[in-house]
file data32.cif (mmCIF, C-alpha atoms)
data_data
#
loop_
_atom_site.group_PDB
_atom_site.id
_atom_site.type_symbol
_atom_site.label_atom_id
_atom_site.label_comp_id
_atom_site.auth_asym_id
_atom_site.auth_seq_id
_atom_site.Cartn_x
_atom_site.Cartn_y
_atom_site.Cartn_z
ATOM 1 C CA TRP T 1 -49.596 -85.148 -34.653
ATOM 2 C CA LEU T 2 -51.012 -82.801 -32.044
ATOM 3 C CA GLU T 3 -52.121 -83.661 -28.537
ATOM 4 C CA ALA T 4 -54.323 -81.258 -26.609
ATOM 5 C CA ARG T 5 -56.188 -81.676 -23.349
ATOM 6 C CA ILE T 6 -58.889 -80.029 -21.292
ATOM 7 C CA ASP T 7 -60.546 -81.411 -18.196
ATOM 8 C CA ASP T 8 -60.575 -85.207 -18.627
ATOM 9 C CA PHE T 9 -60.598 -85.093 -22.448
ATOM 10 C CA VAL T 10 -57.398 -85.652 -24.430
ATOM 11 C CA LEU T 11 -57.493 -85.073 -28.189
ATOM 12 C CA VAL T 12 -54.949 -86.596 -30.550
ATOM 13 C CA THR T 13 -55.178 -85.532 -34.184
ATOM 14 C CA ASP T 14 -53.168 -85.264 -37.346
ATOM 15 C CA ALA T 15 -55.025 -82.044 -38.217
ATOM 16 C CA GLN T 16 -53.771 -78.484 -37.822
ATOM 17 C CA GLU T 17 -53.858 -76.608 -34.519
ATOM 18 C CA PRO T 18 -57.036 -74.554 -35.237
ATOM 19 C CA TYR T 19 -58.956 -77.797 -35.823
ATOM 20 C CA ALA T 20 -57.594 -79.284 -32.585
ATOM 21 C CA ARG T 21 -58.534 -76.185 -30.574
ATOM 22 C CA GLY T 22 -62.034 -76.018 -32.056
ATOM 23 C CA THR T 23 -62.715 -79.713 -31.571
ATOM 24 C CA LEU T 24 -61.500 -79.745 -27.986
ATOM 25 C CA ARG T 25 -63.593 -76.669 -27.291
ATOM 26 C CA ASP T 26 -66.687 -78.401 -28.722
ATOM 27 C CA PHE T 27 -66.165 -81.334 -26.360
ATOM 28 C CA ALA T 28 -65.556 -79.052 -23.369
ATOM 29 C CA VAL T 29 -68.783 -77.165 -24.150
ATOM 30 C CA PHE T 30 -70.603 -80.476 -24.533
ATOM 31 C CA LYS T 31 -69.392 -81.761 -21.165
ATOM 32 C CA HIS T 32 -70.133 -78.427 -19.460
ATOM 33 C CA ALA T 33 -73.648 -78.477 -20.906
ATOM 34 C CA LEU T 34 -74.131 -82.018 -19.617
ATOM 35 C CA GLY T 35 -73.282 -80.784 -16.124
ATOM 36 C CA ALA T 36 -75.797 -77.957 -16.441
ATOM 37 C CA LEU T 37 -78.458 -80.315 -17.801
ATOM 38 C CA ALA T 38 -77.698 -83.111 -15.302
ATOM 39 C CA PRO T 39 -81.250 -83.114 -13.882
ATOM 40 C CA LEU T 40 -82.350 -84.396 -17.302
ATOM 41 C CA THR T 41 -79.750 -87.147 -17.335
ATOM 42 C CA ARG T 42 -77.459 -88.054 -14.431
ATOM 43 C CA GLU T 43 -74.317 -86.665 -12.897
ATOM 44 C CA VAL T 44 -71.553 -86.693 -15.479
ATOM 45 C CA PRO T 45 -68.958 -89.298 -14.483
ATOM 46 C CA HIS T 46 -65.281 -88.372 -14.391
ATOM 47 C CA MET T 47 -63.353 -90.725 -16.635
ATOM 48 C CA PRO T 48 -60.281 -89.985 -18.759
ATOM 49 C CA THR T 49 -61.391 -89.951 -22.375
ATOM 50 C CA GLU T 50 -58.907 -90.162 -25.235
ATOM 51 C CA MET T 51 -60.236 -88.884 -28.549
ATOM 52 C CA TYR T 52 -58.617 -89.585 -31.894
ATOM 53 C CA ALA T 53 -59.699 -87.271 -34.706
ATOM 54 C CA LEU T 54 -58.162 -88.804 -37.818
ATOM 55 C CA GLU T 55 -58.963 -89.446 -41.424
ATOM 56 C CA GLY T 56 -61.440 -92.309 -41.600
ATOM 57 C CA GLY T 57 -59.037 -94.615 -43.381
ATOM 58 C CA ASP T 58 -56.682 -94.504 -40.395
ATOM 59 C CA TRP T 59 -59.101 -96.152 -37.961
ATOM 60 C CA ARG T 60 -62.045 -97.691 -39.846
ATOM 61 C CA GLY T 61 -60.190 -101.009 -40.111
ATOM 62 C CA PHE T 62 -60.999 -101.768 -36.492
ATOM 63 C CA ALA T 63 -64.463 -100.164 -36.378
ATOM 64 C CA THR T 64 -67.600 -102.276 -36.170
ATOM 65 C CA SER T 65 -68.699 -101.224 -39.668
ATOM 66 C CA PRO T 66 -66.913 -99.739 -42.685
ATOM 67 C CA ASN T 67 -69.525 -96.927 -42.821
ATOM 68 C CA THR T 68 -68.965 -95.841 -39.215
ATOM 69 C CA GLN T 69 -68.545 -92.079 -38.746
ATOM 70 C CA GLY T 70 -67.126 -92.521 -35.264
ATOM 71 C CA PHE T 71 -67.289 -94.832 -32.298
ATOM 72 C CA PHE T 72 -66.911 -94.940 -28.539
ATOM 73 C CA ALA T 73 -65.116 -97.716 -26.642
ATOM 74 C CA GLU T 74 -65.510 -97.879 -22.875
ATOM 75 C CA ARG T 75 -62.806 -99.556 -20.778
ATOM 76 C CA ILE T 76 -62.294 -99.894 -17.023
ATOM 77 C CA ASP T 77 -59.818 -97.036 -16.641
ATOM 78 C CA ARG T 78 -60.624 -94.795 -19.639
ATOM 79 C CA ASN T 79 -62.795 -94.238 -22.679
ATOM 80 C CA TYR T 80 -61.650 -94.103 -26.291
ATOM 81 C CA ILE T 81 -63.362 -92.146 -29.038
ATOM 82 C CA PHE T 82 -62.444 -92.358 -32.715
ATOM 83 C CA PHE T 83 -64.000 -90.109 -35.321
ATOM 84 C CA ASP T 84 -63.499 -88.877 -38.850
ATOM 85 C CA ARG T 85 -61.968 -85.396 -38.912
ATOM 86 C CA THR T 86 -62.444 -84.861 -42.642
ATOM 87 C CA PRO T 87 -65.255 -82.759 -44.158
ATOM 88 C CA SER T 88 -67.078 -85.971 -45.109
ATOM 89 C CA GLY T 89 -67.162 -86.809 -41.396
ATOM 90 C CA LEU T 90 -69.235 -83.797 -40.356
ATOM 91 C CA LEU T 91 -71.742 -86.078 -38.603
ATOM 92 C CA SER T 92 -68.950 -87.630 -36.539
ATOM 93 C CA ARG T 93 -69.312 -85.306 -33.581
ATOM 94 C CA GLU T 94 -73.021 -86.086 -33.359
ATOM 95 C CA VAL T 95 -72.189 -89.798 -33.411
ATOM 96 C CA VAL T 96 -69.578 -89.369 -30.685
ATOM 97 C CA PHE T 97 -71.815 -87.167 -28.506
ATOM 98 C CA HIS T 98 -74.564 -89.795 -28.924
ATOM 99 C CA GLU T 99 -72.263 -92.598 -27.797
ATOM 100 C CA TYR T 100 -70.846 -90.545 -24.926
ATOM 101 C CA MET T 101 -74.416 -90.006 -23.677
ATOM 102 C CA HIS T 102 -74.874 -93.779 -23.485
ATOM 103 C CA PHE T 103 -71.818 -93.830 -21.217
ATOM 104 C CA VAL T 104 -73.325 -91.086 -19.022
ATOM 105 C CA LEU T 105 -76.718 -92.813 -18.835
ATOM 106 C CA HIS T 106 -75.283 -96.234 -18.023
ATOM 107 C CA SER T 107 -72.550 -95.211 -15.556
ATOM 108 C CA GLY T 108 -73.585 -96.518 -12.178
ATOM 109 C CA ALA T 109 -77.142 -97.097 -13.378
ATOM 110 C CA SER T 110 -79.098 -99.459 -11.179
ATOM 111 C CA VAL T 111 -82.377 -99.305 -13.081
ATOM 112 C CA PHE T 112 -83.397 -100.640 -16.465
ATOM 113 C CA VAL T 113 -83.438 -98.001 -19.180
ATOM 114 C CA PRO T 114 -85.726 -98.922 -22.074
ATOM 115 C CA PRO T 115 -84.116 -98.672 -25.517
ATOM 116 C CA TRP T 116 -86.422 -95.862 -26.729
ATOM 117 C CA TRP T 117 -85.374 -93.690 -23.737
ATOM 118 C CA ASP T 118 -81.701 -94.660 -24.003
ATOM 119 C CA GLU T 119 -81.528 -93.877 -27.728
ATOM 120 C CA GLY T 120 -83.843 -90.877 -27.506
ATOM 121 C CA VAL T 121 -81.748 -89.135 -24.837
ATOM 122 C CA ALA T 122 -78.544 -89.968 -26.717
ATOM 123 C CA GLU T 123 -80.033 -88.503 -29.908
ATOM 124 C CA LEU T 124 -81.315 -85.434 -28.042
ATOM 125 C CA PHE T 125 -77.842 -84.617 -26.718
ATOM 126 C CA SER T 126 -76.036 -85.541 -29.939
ATOM 127 C CA SER T 127 -76.928 -82.258 -31.635
ATOM 128 C CA LEU T 128 -75.990 -80.040 -28.683
ATOM 129 C CA ARG T 129 -73.773 -77.164 -29.755
ATOM 130 C CA GLU T 130 -72.630 -73.682 -28.829
ATOM 131 C CA ARG T 131 -73.383 -70.676 -30.985
ATOM 132 C CA ASP T 132 -72.591 -67.072 -30.090
ATOM 133 C CA GLY T 133 -71.954 -67.973 -26.457
ATOM 134 C CA LYS T 134 -75.252 -69.839 -26.029
ATOM 135 C CA ILE T 135 -75.953 -73.569 -25.860
ATOM 136 C CA GLU T 136 -78.370 -74.858 -28.500
ATOM 137 C CA PHE T 137 -80.122 -77.944 -27.203
ATOM 138 C CA GLY T 138 -82.859 -80.102 -28.693
ATOM 139 C CA LEU T 139 -82.030 -79.544 -32.360
ATOM 140 C CA VAL T 140 -82.950 -82.259 -34.838
ATOM 141 C CA PRO T 141 -79.817 -84.385 -35.324
ATOM 142 C CA ASN T 142 -78.529 -84.026 -38.890
ATOM 143 C CA ALA T 143 -78.695 -87.792 -39.399
ATOM 144 C CA ARG T 144 -82.436 -87.778 -38.587
ATOM 145 C CA LYS T 145 -83.700 -84.926 -40.772
ATOM 146 C CA ASP T 146 -84.280 -87.136 -43.808
ATOM 147 C CA ASP T 147 -85.799 -89.888 -41.657
ATOM 148 C CA PHE T 148 -88.718 -87.629 -40.759
ATOM 149 C CA ARG T 149 -89.087 -86.563 -44.361
ATOM 150 C CA TYR T 150 -89.110 -89.993 -45.998
ATOM 151 C CA LEU T 151 -90.070 -92.595 -43.389
ATOM 152 C CA GLN T 152 -93.370 -93.305 -41.647
ATOM 153 C CA LEU T 153 -93.734 -93.154 -37.888
ATOM 154 C CA MET T 154 -93.996 -96.546 -36.245
ATOM 155 C CA PRO T 155 -96.874 -97.273 -33.867
ATOM 156 C CA THR T 156 -96.081 -95.964 -30.387
ATOM 157 C CA ARG T 157 -96.754 -99.432 -28.978
ATOM 158 C CA THR T 158 -93.956 -100.812 -31.205
ATOM 159 C CA LEU T 159 -91.583 -98.042 -30.105
ATOM 160 C CA PHE T 160 -92.193 -98.617 -26.391
ATOM 161 C CA ALA T 161 -92.130 -102.420 -26.641
ATOM 162 C CA ALA T 162 -88.796 -102.610 -28.495
ATOM 163 C CA ASP T 163 -85.908 -104.319 -26.751
ATOM 164 C CA ARG T 164 -82.338 -104.785 -27.966
ATOM 165 C CA SER T 165 -83.291 -107.876 -29.966
ATOM 166 C CA SER T 166 -86.379 -106.318 -31.597
ATOM 167 C CA GLN T 167 -86.778 -106.042 -35.336
ATOM 168 C CA ALA T 168 -87.389 -102.312 -34.820
ATOM 169 C CA LEU T 169 -83.740 -101.995 -33.822
ATOM 170 C CA ARG T 170 -82.245 -104.578 -36.154
ATOM 171 C CA LYS T 171 -84.036 -104.105 -39.475
ATOM 172 C CA HIS T 172 -82.314 -101.681 -41.808
ATOM 173 C CA VAL T 173 -85.684 -100.239 -42.843
ATOM 174 C CA SER T 174 -87.152 -99.574 -39.389
ATOM 175 C CA ALA T 175 -84.027 -98.827 -37.307
ATOM 176 C CA PRO T 176 -83.610 -95.226 -38.573
ATOM 177 C CA MET T 177 -87.206 -94.433 -37.652
ATOM 178 C CA PHE T 178 -86.753 -96.039 -34.234
ATOM 179 C CA TYR T 179 -83.913 -93.597 -33.496
ATOM 180 C CA ALA T 180 -85.757 -90.634 -34.984
ATOM 181 C CA GLN T 181 -89.002 -91.389 -33.178
ATOM 182 C CA SER T 182 -87.158 -92.045 -29.907
ATOM 183 C CA TRP T 183 -85.584 -88.585 -30.286
ATOM 184 C CA LEU T 184 -89.002 -87.065 -30.993
ATOM 185 C CA THR T 185 -90.614 -88.748 -27.972
ATOM 186 C CA VAL T 186 -87.843 -87.782 -25.532
ATOM 187 C CA HIS T 187 -87.740 -84.263 -27.000
ATOM 188 C CA TYR T 188 -91.466 -83.887 -26.350
ATOM 189 C CA MET T 189 -91.198 -85.297 -22.809
ATOM 190 C CA LEU T 190 -88.188 -83.258 -21.705
ATOM 191 C CA ILE T 191 -88.498 -80.028 -23.668
ATOM 192 C CA GLU T 192 -92.265 -79.971 -24.272
ATOM 193 C CA LYS T 193 -92.124 -78.283 -27.644
ATOM 194 C CA PRO T 194 -94.514 -80.258 -29.838
ATOM 195 C CA GLU T 195 -93.327 -78.539 -33.007
#

call {"tool": "encode", "arguments": {"input": "data32.cif", "output": "structure tokens"}}
result
Amino acid sequence: WLEARIDDFVLVTDAQEPYARGTLRDFAVFKHALGALAPLTREVPHMPTEMYALEGGDWRGFATSPNTQGFFAERIDRNYIFFDRTPSGLLSREVVFHEYMHFVLHSGASVFVPPWWDEGVAELFSSLRERDGKIEFGLVPNARKDDFRYLQLMPTRTLFAADRSSQALRKHVSAPMFYAQSWLTVHYMLIEKPE
């Protein structure tokens, strides 16, 4: 196994060194971008974060669902992130970035954050990436592309009224559109690119 660290991220993986370097770099870029975009979110908290990039079979036994691509566990003194490092886990980084954004949004928060904003911001930052030395921000998350193609938008009133116990968040049919439409709404409000 390899262990690599940068800033307050520690990566443990059973992959080869190039994978470890690339993955750690992705997370460093992500955290740096969060600092640059802090006016859109909040100040990025400093918390040791241990990341485990393993084959899914090595950690899915203690995940919340057998289909989980990755998950984030917050504790008092550190965070833990588990994600699938295999090619079938290509969405894992988006899942982990999404969950890390919840941590950023909720750290020290003293105001209520409605679910559509919470999920929309997390989705917006989930697809953040670096390409040719530039940060790409606001891309459609890979997990949401088909949602826009095959699902109908929900009424805005339903989106804004949803709470954590709402059917819009719990029903298998409407939950994907809730996340996609939350992304779309936050994208429009923060980036102002209607397309």

call {"tool": "atom_distance", "arguments": {"input": "data32.cif", "atom1": "atom CA of T:Asn79", "atom2": "atom CA of T:Asp7"}}
result
13.8 Å

call {"tool": "atom_distance", "arguments": {"input": "data32.cif", "atom1": "atom CA of T:Arg157", "atom2": "atom CA of T:Leu37"}}
result
28.7 Å

call {"tool": "closest_residue", "arguments": {"input": "data32.cif", "among": "T:Phe72, T:Phe82, T:Phe112, T:Phe30", "to": "T:Glu55", "atoms": "all atoms listed in the file"}}
result
T:Phe82

call {"tool": "atom_distance", "arguments": {"input": "data32.cif", "atom1": "atom CA of T:Lys134", "atom2": "atom CA of T:Val104"}}
result
22.5 Å

call {"tool": "closest_residue", "arguments": {"input": "data32.cif", "among": "T:Leu54, T:Ala15, T:Leu159, T:Val111", "to": "T:Val186", "atoms": "only C-alpha atoms"}}
result
T:Leu159

call {"tool": "residues_around", "arguments": {"input": "data32.cif", "residues": "T:Arg78", "least_positions_apart": "3", "cutoff": "7 Å", "atoms": "all atoms listed in the file", "output": "list in words"}}
result
Met47, Pro48, Thr49, Glu74 and Arg75 of chain T

call {"tool": "residues_around", "arguments": {"input": "data32.cif", "residues": "T:Arg93", "least_positions_apart": "2", "cutoff": "9 Å", "atoms": "all atoms listed in the file", "output": "number ranges by chain"}}
result
T: 23, 26-27, 69-70, 83-84, 89-91, 95-98, 126-127

call {"tool": "closest_residue", "arguments": {"input": "data32.cif", "among": "T:Met51, T:Met177, T:Ala4, T:Val121", "to": "T:Leu153", "atoms": "only C-alpha atoms"}}
result
T:Met177

call {"tool": "closest_residue", "arguments": {"input": "data32.cif", "among": "T:Pro155, T:Phe137, T:Glu50, T:Ser165", "to": "T:His187", "atoms": "only C-alpha atoms"}}
result
T:Phe137

call {"tool": "closest_residue", "arguments": {"input": "data32.cif", "among": "T:Thr13, T:His102, T:Asp132, T:Ala20", "to": "T:Gly120", "atoms": "only C-alpha atoms"}}
result
T:His102

call {"tool": "residues_near_point", "arguments": {"input": "data32.cif", "point": "(-89.1, -99.3, -29.7)", "cutoff": "10 Å", "atoms": "all atoms listed in the file", "output": "ChimeraX atom specification"}}
result
/T:114-117,119,154-164,166-169,174-175,177-179,181-182

call {"tool": "resolve_selection", "arguments": {"input": "data32.cif", "expression": "the PyMOL selection byres ((chain T and resi 141) around 9)", "output": "ChimeraX atom specification"}}
result
/T:91,94,123-128,138-140,142-145,180,183
